[in-house]
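As structure tokens, the structure follows; a few thoughts come after it.
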Amino acid sequence: QVVESGGGSVQAGGSLKLSCAASGYTVSRSCMGWFRQATGKEREVVAIIDSGGISKYRDSVKGRFTISQDDVKKVVHLQMDSLRPEDTAMYYCAAAPGPGGVVAGLGGKPYEWKYWGQGTQVTVSS
């Protein structure tokens with residue numbers, strides 16, 4: 001249902017672009033999100049793009065990360081610029097096409113994340 005790609009290793013200040021290929025539902029009608037989990041830490045929401053195309057970001061990535069979607073190709077991207085060592089984590093793509101799933105959100109609005117990818121590792125060295 002959801003497959004991530006594009007992770008890797010980069011030096012601080014560098015860029016990476018993650019992609020999330022979705023199948024089985026219409027990306028533009030689903031809320032899509034990127035999450036990350038660093039070693040020893042809880043999973044956190046990084047960015048969300050809702051069914052109306054509105055994007056939200058956690059404060060620590062605002063101005064550096066950009067989430068976008070291509071409904072024709074059923075792909076959601078996360079462009080990550082000015083990467084920092086603290087961005088190092090496993091990044092997961094998730095979809096919230098409807099009720100059911102892990103509840104999480106940004107800005108006080110929760111979504112139910114039903115489909116999850118296997119994750120792609122991002123490592124930023126100083």
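Lettering and numbering for the structure tokens are positional, with chains as A, B, ... in the shown order, residues counted from 1 in each chain, and ligands counted from 1 in the shown order.
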
Distance query Met80 of chain A at most 8 Å, only C-alpha atoms, self and fewer than 4 positions along chain excluded, as number ranges by chain: A: 15-18, 64-66

Residue set, chain A restricted to strand (DSSP E or B), as a PyMOL selection string: chain A and resi 2-5+8-11+16-22+31-37+44-49+55-57+65-70+75-80+89-96+102-106+109-113+115-116+120-125

Near-Arg29 of chain A list (12 Å; only C-alpha atoms; drop same-chain fewer than 3 positions) as an NGL selection string: :A and (22 or 24-26 or 32 or 49-53 or 69-71 or 74 or 95-98)

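Counting from atom CA of Tyr57 of chain A, the distance to atom CA of Tyr115 of chain A is 19.8 Å.
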
Pairwise distance for atom CA of Leu83 of chain A and atom CA of Gly108 of chain A, rounded to one decimal in Å: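 A separation of 25.9 Å between them.
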
Closest of A:Pro110, A:Pro85, A:Gly101, A:Gly33 to Val122 of chain A - atom-to-atom distances counting only C-alpha atoms: A:Pro85

Helix (DSSP H, G or I) call set, DSSP backbone run, chain A, as a PyMOL selection string: chain A and resi 27-29+59-61+85-87

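Residue nearest Val76 of chain A within the list A:Gly13, A:Gly6, A:Pro99, A:Gly107: A:Gly6 [criterion: smallest interatomic distance, only C-alpha atoms].
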
Gln118 of chain A environment, 9 Å, only C-alpha atoms, sequence neighbours closer than 2 positions dropped, as a VMD selection string: chain A and resid 2 to 4 91 to 93 116 120

Just all heavy atoms for this one: save the residues we selected as a CSV table (one decimal), in the first residue's frame.
chain,number,residue,atom,x,y,z
A,2,VAL,N,1.9,1.2,0.8
A,2,VAL,CA,2.8,2.4,0.9
A,2,VAL,C,4.3,2.0,0.9
A,2,VAL,O,4.6,1.1,1.7
A,2,VAL,CB,2.5,3.2,2.2
A,2,VAL,CG1,3.4,4.4,2.4
A,2,VAL,CG2,1.1,3.6,2.2
A,3,VAL,N,5.1,2.5,0.0
A,3,VAL,CA,6.5,2.1,-0.1
A,3,VAL,C,7.3,3.4,-0.2
A,3,VAL,O,7.2,4.2,-1.1
A,3,VAL,CB,6.7,1.2,-1.3
A,3,VAL,CG1,8.2,0.8,-1.4
A,3,VAL,CG2,5.9,-0.1,-1.2
A,4,GLU,N,8.3,3.5,0.8
A,4,GLU,CA,9.2,4.6,0.8
A,4,GLU,C,10.5,4.3,0.0
A,4,GLU,O,10.9,3.2,-0.1
A,4,GLU,CB,9.6,5.0,2.2
A,4,GLU,CG,8.4,5.3,3.1
A,4,GLU,CD,8.2,4.1,4.0
A,4,GLU,OE1,8.5,2.9,3.6
A,4,GLU,OE2,7.6,4.2,5.1
A,91,TYR,N,12.7,7.2,8.6
A,91,TYR,CA,11.5,7.9,8.1
A,91,TYR,C,10.5,7.0,7.5
A,91,TYR,O,10.8,6.1,6.7
A,91,TYR,CB,12.0,9.0,7.1
A,91,TYR,CG,12.6,10.2,7.7
A,91,TYR,CD1,13.9,10.1,8.2
A,91,TYR,CD2,12.0,11.4,7.7
A,91,TYR,CE1,14.5,11.1,8.8
A,91,TYR,CE2,12.6,12.5,8.3
A,91,TYR,CZ,13.9,12.4,8.8
A,91,TYR,OH,14.5,13.5,9.4
A,92,TYR,N,9.2,7.3,7.9
A,92,TYR,CA,8.1,6.4,7.5
A,92,TYR,C,7.1,7.3,6.8
A,92,TYR,O,6.8,8.4,7.3
A,92,TYR,CB,7.4,5.8,8.7
A,92,TYR,CG,8.3,4.8,9.5
A,92,TYR,CD1,9.1,5.3,10.5
A,92,TYR,CD2,8.4,3.5,9.1
A,92,TYR,CE1,9.9,4.4,11.3
A,92,TYR,CE2,9.2,2.6,9.9
A,92,TYR,CZ,10.0,3.1,10.9
A,92,TYR,OH,10.8,2.2,11.6
A,93,CYS,N,6.5,6.7,5.8
A,93,CYS,CA,5.4,7.4,5.1
A,93,CYS,C,4.1,6.7,5.6
A,93,CYS,O,4.1,5.4,5.9
A,93,CYS,CB,5.5,7.2,3.6
A,93,CYS,SG,4.1,7.9,2.7
A,116,TRP,N,1.1,2.1,6.6
A,116,TRP,CA,2.4,2.5,6.9
A,116,TRP,C,3.4,1.8,6.0
A,116,TRP,O,3.2,0.6,5.7
A,116,TRP,CB,2.8,2.1,8.4
A,116,TRP,CG,2.0,2.9,9.4
A,116,TRP,CD1,0.8,2.7,9.8
A,116,TRP,CD2,2.5,4.1,10.0
A,116,TRP,NE1,0.4,3.7,10.7
A,116,TRP,CE2,1.4,4.5,10.9
A,116,TRP,CE3,3.6,4.9,10.0
A,116,TRP,CZ2,1.5,5.7,11.7
A,116,TRP,CZ3,3.8,6.0,10.8
A,116,TRP,CH2,2.7,6.4,11.6
A,120,THR,N,12.6,4.2,5.6
A,120,THR,CA,13.8,4.4,4.9
A,120,THR,C,14.7,5.3,5.8
A,120,THR,O,14.3,6.2,6.4
A,120,THR,CB,13.6,5.1,3.6
A,120,THR,OG1,14.8,5.2,2.9
A,120,THR,CG2,13.0,6.5,3.7

Between atom CA of Asp59 of chain A and atom CA of Gly119 of chain A - distance in Å to one decimal: 21.8 Å

Nearest residue to Ile48 of chain A from the set A:Val61, A:Leu106, A:Ala89, A:Ala12 (distances using only C-alpha atoms):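 That would be A:Leu106, the residue with the smallest distance to Ile48 of chain A.
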